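Take a look at the structure below.
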There are 2 protein chains.
Amino acid sequence: MRELKWATLGCGVIANQLEQALEQSGRKLYAVANRTHAKGVAFAEKYGIGKVYDEIDDVFADPDVDVIYISTPHNTHIGFLRKALAAGKHVLCEKSITLNSGELDEAIALAEANHVLLAEAMTLYHMPLYRELDRIIAGGELGKVKLIQMNFGSYKEYDMANRFFNRNLAGGAMLDIGVYALSCMRWFMSSKPDRIVSQVKAAPTGVDEQAGILLTNPDGRWPRSRCRCTRSSRSAAPSRSRTAMWRSSTIRAANAPRSTTRPARWCARSRRAIPRTRSPTRWRTWRPQSPRTRRAGPGRFRPMRPPRRSKASCTSVTRAT
Amino acid sequence: MRELKWATLGCGVIANQLEQALEQSGRKLYAVANRTHAKGVAFAEKYGIGKVYDEIDDVFADPDVDVIYISTPHNTHIGFLRKALAAGKHVLCEKSITLNSGELDEAIALAEANHVLLAEAMTLYHMPLYRELDRIIAGGELGKVKLIQMNFGSYKEYDMANRFFNRNLAGGAMLDIGVYALSCMRWFMSSKPDRIVSQVKAAPTGVDEQAGILLTNPDGRWPRSRCRCTRSSRSAAPSRSRTAMWRSSTIRAANAPRSTTRPARWCARSRRAIPRTRSPTRWRTWRPQSPRTRRAGPGRFRPMRPPRRSKASCTSVTRAT
């Protein structure tokens with residue numbers, strides 16, 4: 001089977017990371033398309049890529065291109081998706097893949113009609129941390145998910161001229177980082193949420209600056225999950241903690257959802273009433289194994305002793321059964 | 001000024017705590033009223049209280065009683081409030097003071113008409129921990145509150161015959177423990193929330209078993225606070241963490257809101273973008289001073305060194321300015 005030829009459409013920070021990731025597995029981008037031709041040339045020279053298109057749209061007509069990686073601003077995605085998919089190219093599109101579900105439905109229909117793959121580059125779905133959590137969950141030890149809680153925020157300079165606050169450039173917290181919160185929650189939910197309520201705080205430009213969202217899905221007699229997310233493009237001290245709660249257990253992933261190297265912590269808690277004097281909690285931590293250890297076996301994480309905690313902040317003593 | 005004479009209406013667990021608290025300050029309850037007379041007699045004998053009413057309503061007619069403490073089930077509160085306030089008694093009523101705002105408005109009007117005090121025994125409003133947090137907030141170091149997050153849950157046996165799940169006895173999560181979550185958020189909010197959305201999971205009896213709530217208040221050009229609470233009478237591993245976020249700082253109180261003895265932790269975070277490699281966070285902890293230390297000065301808390309944390313779970317290194 002011949003190796004697929006990748007072209008990048010856009011050559012910003014993320015496109016650099018794509019090329020570097022390809023190089024780590026001994027491959028390269030085949031071609032570069034960019035609105036500013038000079039930047040495309042510089043990008044190609046930096047990485048020794050052989051082809052730069054004169055016009056950005058030329059990439060769609062190139063019969064040698066198999067996959068197009070779209071990393072241009074959100075608002076341009078659907079236009080490029082239409083052209084790429086109609087030209088029979090597979091597409092990996094940066095998040096947020098489209099601005100709304102209508103655009104996404106159109107892109108999916110186009111991909112199906114042209115028998116090509118369409119994927120959103122939502123990193124966390126490909127991280128070993130989340131696959132490991134899935135493995136633990138599938139093992140049944142934790143029971144059913146009862147509640148998922150996500151906080152996700154980032155700082156942006158409060159400059160309304162910045163593209164993050166520009167409505168015409170698809171600014172706002174949801175399309176920038178809220179998608180991480182929603183995707184992380186969706187990862188742990190057994191089905192699509194069917195009830196959604198939210199509150200939004202708008203920036204002066206009208207884009208969403210901060211929001212709280214409640215989600216419930218219909219699985220089973222009771223909703224299987226209850227989720228919330230808050231994200232902010234500027235106003236709150238950003239928090240990136242997330243918690244998933246099961247019948248008797250809690251998983252907390254205290255670091256950024258994209259992390260491949262940081263640990264996950266979880267604790268099992270008693271199903272019985274919690275005594276007033278002590279918390280029947282025992283924290284456990286998984287951390288990604290070193291590459292050498294990882295090669296040795298299928299497991300990506302190894303159990304760690306509970307982190308050292310001051311008595312002041314935690315009285316954890318016993319693990320619940 | 002003569003000492004006010006207190007009577008308890010109800011003699012359950014909380015009434016015992018009231019009597020014990022009074023005894024710690026060298027005082028006693030004056031009288032006991034209880035639906036089951038024998039229990040009232042036993043309570044009075046236990047604590048050496050001189051007066052037990054034959055009928056529960058007799059307490060309202062006793063001219064010697066100044067204050068009535070109502071600790072009967074929620075659904076009986078409004079009936080007793082009407083009688084006590086109309087009789088010119090001050091009232092301290094256990095939470096939840098009434099089942100809805102209509103009942104509360106009626107009780108407030110009655111108290112005003114009779115020139116007596118009416119208070120809900122919401123413990124956290126009287127805890128040194130929260131007063132200390134108020135002092136820190138008022139100092140301006142943290143800036144304006146940007147987000148408050150509360151989780152509050154408790155386990156109950158999933159028995160629909162239990163009063164906690166009985167609609168006629170005012171069961172359900174909100175009246176039982178949700179009021180703690182809302183009261184804690186309200187403590188940190190500068191004004192009453194004016195926008196409220198929620199999702200509720202109902203128990204088979206129809207009472208609220210679990211819910212998520214989003215609140216926003218109208219202060220300033222932007223909402224000053226954004227709040228959420230989840231509480232569960234059974235279904236999720238109960239969490240009692242709460243977080244208040246300021247422009248540049250976060251306060252986390254990791255223990256039960258009623259605690260007078262457990263520490264509060266807070267961290268200040270940079271207003272600038274957070275570097276990818278390290279979190280510009282330094283945790284600080286306040287713990288209540290010992291009684292001896294507390295007598296020595298007005299402060300109730302003293303600064304502590306940051307809790308010992310494993311590198312795995314925290315890379316905190318520098319305090320932001």
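In the structure tokens, the first chain shown is A, the next is B, and so on; residue numbers restart at 1 for each chain, and ligands run from 1 in the order shown.
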Which residues are close to Ser183 of chain A, i.e. within 10 Å by only C-alpha atoms, leaving aside same-chain residues fewer than 3 positions away? Reply as a PyMOL selection string. chain A and resi 122-125+178-180+186-189+257
Where does DSSP see alpha helix (DSSP H) in segment 30-59 of chain A, if you list the residues as a PyMOL selection string? chain A and resi 37-47+58-59
Just to be explicit: take each residue in the selection above, keep all heavy atoms, and write the result as a short mmCIF file (atom, residue, chain, number, x, y, z; two decimals), in the first residue's frame.
```
data_model
loop_
_atom_site.label_atom_id
_atom_site.label_comp_id
_atom_site.auth_asym_id
_atom_site.auth_seq_id
_atom_site.Cartn_x
_atom_site.Cartn_y
_atom_site.Cartn_z
N HIS A 37 1.56 33.59 -0.09
CA HIS A 37 2.46 32.65 -0.78
C HIS A 37 3.85 32.61 -0.15
O HIS A 37 4.44 31.54 0.03
CB HIS A 37 2.56 33.02 -2.26
CG HIS A 37 3.34 32.03 -3.07
ND1 HIS A 37 4.66 32.25 -3.46
CD2 HIS A 37 3.02 30.80 -3.54
CE1 HIS A 37 5.09 31.22 -4.15
NE2 HIS A 37 4.11 30.31 -4.21
N ALA A 38 4.35 33.80 0.25
CA ALA A 38 5.71 33.86 0.80
C ALA A 38 5.83 33.03 2.07
O ALA A 38 6.86 32.39 2.33
CB ALA A 38 6.08 35.32 1.07
N LYS A 39 4.79 33.05 2.87
CA LYS A 39 4.82 32.26 4.11
C LYS A 39 4.83 30.77 3.80
O LYS A 39 5.48 29.98 4.49
CB LYS A 39 3.62 32.61 5.00
CG LYS A 39 3.76 33.97 5.68
CD LYS A 39 2.62 34.20 6.67
CE LYS A 39 2.74 35.58 7.31
NZ LYS A 39 1.57 35.92 8.14
N GLY A 40 4.11 30.40 2.76
CA GLY A 40 4.12 29.00 2.34
C GLY A 40 5.50 28.57 1.89
O GLY A 40 5.97 27.48 2.23
N VAL A 41 6.16 29.48 1.15
CA VAL A 41 7.52 29.19 0.67
C VAL A 41 8.47 29.03 1.86
O VAL A 41 9.27 28.08 1.92
CB VAL A 41 8.00 30.30 -0.28
CG1 VAL A 41 9.49 30.14 -0.59
CG2 VAL A 41 7.17 30.31 -1.56
N ALA A 42 8.37 29.96 2.84
CA ALA A 42 9.24 29.89 4.02
C ALA A 42 9.01 28.59 4.79
O ALA A 42 9.96 27.94 5.26
CB ALA A 42 8.98 31.10 4.91
N PHE A 43 7.75 28.21 4.90
CA PHE A 43 7.40 26.98 5.61
C PHE A 43 8.01 25.77 4.90
O PHE A 43 8.61 24.89 5.51
CB PHE A 43 5.87 26.85 5.68
CG PHE A 43 5.36 25.66 6.45
CD1 PHE A 43 5.11 25.75 7.81
CD2 PHE A 43 5.10 24.45 5.81
CE1 PHE A 43 4.64 24.65 8.52
CE2 PHE A 43 4.61 23.35 6.51
CZ PHE A 43 4.38 23.45 7.87
N ALA A 44 7.89 25.76 3.58
CA ALA A 44 8.41 24.63 2.79
C ALA A 44 9.94 24.56 2.90
O ALA A 44 10.51 23.48 3.02
CB ALA A 44 7.99 24.78 1.33
N GLU A 45 10.56 25.73 2.88
CA GLU A 45 12.03 25.75 3.00
C GLU A 45 12.47 25.26 4.37
O GLU A 45 13.45 24.51 4.50
CB GLU A 45 12.57 27.16 2.76
CG GLU A 45 12.56 27.54 1.28
CD GLU A 45 13.02 28.98 1.05
OE1 GLU A 45 13.32 29.68 2.05
OE2 GLU A 45 13.06 29.40 -0.12
N LYS A 46 11.73 25.67 5.41
CA LYS A 46 12.08 25.29 6.78
C LYS A 46 12.12 23.78 6.95
O LYS A 46 12.97 23.25 7.66
CB LYS A 46 11.04 25.91 7.73
CG LYS A 46 11.26 25.63 9.20
CD LYS A 46 10.20 26.38 10.03
CE LYS A 46 10.34 26.08 11.52
NZ LYS A 46 9.26 26.74 12.27
N TYR A 47 11.19 23.11 6.28
CA TYR A 47 11.08 21.66 6.48
C TYR A 47 11.50 20.84 5.25
O TYR A 47 11.38 19.62 5.25
CB TYR A 47 9.64 21.30 6.87
CG TYR A 47 9.22 21.85 8.21
CD1 TYR A 47 8.30 22.89 8.30
CD2 TYR A 47 9.77 21.34 9.38
CE1 TYR A 47 7.93 23.40 9.53
CE2 TYR A 47 9.40 21.85 10.62
CZ TYR A 47 8.47 22.88 10.69
OH TYR A 47 8.12 23.39 11.91
N ASP A 58 -5.14 25.73 -5.60
CA ASP A 58 -4.48 24.76 -6.47
C ASP A 58 -4.35 23.39 -5.81
O ASP A 58 -4.26 22.36 -6.49
CB ASP A 58 -3.08 25.25 -6.89
CG ASP A 58 -3.16 26.46 -7.82
OD1 ASP A 58 -4.28 26.75 -8.30
OD2 ASP A 58 -2.13 27.12 -8.02
N VAL A 59 -4.33 23.39 -4.47
CA VAL A 59 -4.15 22.12 -3.76
C VAL A 59 -5.29 21.13 -4.07
O VAL A 59 -5.07 19.93 -4.12
CB VAL A 59 -4.01 22.36 -2.24
CG1 VAL A 59 -5.30 22.94 -1.65
CG2 VAL A 59 -3.62 21.08 -1.51
#
```
Given only C-alpha atoms as the counted atoms, nearest of A:Asn100, A:Asn162, A:Gln210, A:Thr205 to chain B: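 Residue with the minimum atom-to-atom distance to chain B: A:Gln210.
For the atom pair formed by atom CA of Gly172 of chain B and atom CA of Val207 of chain B, the distance is 4.8 Å, given to one decimal.
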Just want the 9 Å neighbourhood of Gly10 of chain A, counted on only C-alpha atoms, with same-chain residues fewer than 5 positions away dropped. Output as a list of chain:residue names.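 Skipping anything fewer than 5 positions along the chain leaves A:Ala15, A:Val32, A:Ala33, A:Asn34, A:Arg35, A:Gly40, A:Ile56, A:Tyr69, A:Ile70, A:Ser71, A:Thr72, A:Pro73.
Of the residues under consideration (B:Thr216, B:Thr98, B:Ser190, B:Asn75), B:Thr216 shows the shortest atom-to-atom contact distance to chain A when counting only C-alpha atoms.
As for atom CA of Lys192 of chain B and atom CA of Asn217 of chain B, they are spaced 6.0 Å apart.
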Near Val200 of chain A, within 7 Å and counting only C-alpha atoms, which residues show up once chain neighbours fewer than 3 positions away are dropped, as an MDAnalysis selection string? chainID A and resid 208 210:212
Can I get the selection written as a JSON list (two decimals), in the first residue's frame, with C-alpha atoms?
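Below is the file again.json, written as the result:
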```
[["chain", "number", "residue", "atom", "x", "y", "z"],
["A", 208, "ASP", "CA", -19.29, 34.53, 23.84],
["A", 210, "GLN", "CA", -17.70, 32.97, 29.11],
["A", 211, "ALA", "CA", -20.47, 30.45, 29.59],
["A", 212, "GLY", "CA", -21.87, 27.74, 31.78]]
```
As a list in words, which residues of segment 13-70 of chain B does DSSP assign to strand (DSSP E)? Ala31, Val32, Ala33, Lys51, Val52, Val67, Ile68, Tyr69 and Ile70 of chain B
Output N, CA and C atoms for every residue in the selection just made, as an mmCIF file, in the first residue's frame.
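For reference, selection_20.cif as written:
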```cif
data_model
loop_
_atom_site.group_PDB
_atom_site.id
_atom_site.type_symbol
_atom_site.label_atom_id
_atom_site.label_comp_id
_atom_site.auth_asym_id
_atom_site.auth_seq_id
_atom_site.Cartn_x
_atom_site.Cartn_y
_atom_site.Cartn_z
ATOM 1 N N ALA B 31 -37.330 25.949 77.815
ATOM 2 C CA ALA B 31 -38.474 25.044 77.706
ATOM 3 C C ALA B 31 -38.389 24.184 76.452
ATOM 4 N N VAL B 32 -39.170 23.099 76.447
ATOM 5 C CA VAL B 32 -39.188 22.154 75.337
ATOM 6 C C VAL B 32 -40.624 21.908 74.884
ATOM 7 N N ALA B 33 -40.850 22.025 73.565
ATOM 8 C CA ALA B 33 -42.159 21.649 72.995
ATOM 9 C C ALA B 33 -41.899 20.576 71.955
ATOM 10 N N LYS B 51 -38.928 22.968 81.884
ATOM 11 C CA LYS B 51 -40.315 23.066 81.426
ATOM 12 C C LYS B 51 -40.554 22.245 80.156
ATOM 13 N N VAL B 52 -41.584 21.401 80.189
ATOM 14 C CA VAL B 52 -42.008 20.668 78.995
ATOM 15 C C VAL B 52 -43.499 20.917 78.810
ATOM 16 N N VAL B 67 -37.660 33.503 72.606
ATOM 17 C CA VAL B 67 -37.195 33.000 71.306
ATOM 18 C C VAL B 67 -37.600 31.540 71.150
ATOM 19 N N ILE B 68 -38.141 31.204 69.999
ATOM 20 C CA ILE B 68 -38.464 29.801 69.712
ATOM 21 C C ILE B 68 -37.534 29.306 68.606
ATOM 22 N N TYR B 69 -36.902 28.185 68.889
ATOM 23 C CA TYR B 69 -36.049 27.547 67.888
ATOM 24 C C TYR B 69 -36.839 26.409 67.245
ATOM 25 N N ILE B 70 -37.141 26.527 65.954
ATOM 26 C CA ILE B 70 -37.957 25.528 65.251
ATOM 27 C C ILE B 70 -37.039 24.555 64.525
#
```
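Taking only C-alpha atoms into account, His115 of chain A lies nearest to A:Val91 out of the set A:Met174, A:Ile97, A:Val65, A:Val91.
Straight-line separation from atom CA of Ala87 of chain B to atom CA of Ala113 of chain B: 11.0 Å.
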Neighbouring residues of Glu106 of chain A were defined as those with any atom within 12 Å, considering only C-alpha atoms; residues of the same chain fewer than 3 positions away were excluded. Please report them as a PyMOL selection string. chain A and resi 78-79+81-82+85-86+97-103+109-113+118
Any idea what's packed within 8 Å of Leu29 of chain B, counting only C-alpha atoms, ignoring anything in its chain fewer than 3 positions away? Could you give it as a list of chain:residue names?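 The contact residues come out as B:Lys5, B:Trp6, B:Ala7, B:Thr8, B:Glu19, B:Leu22, B:Val32, B:Ile49.
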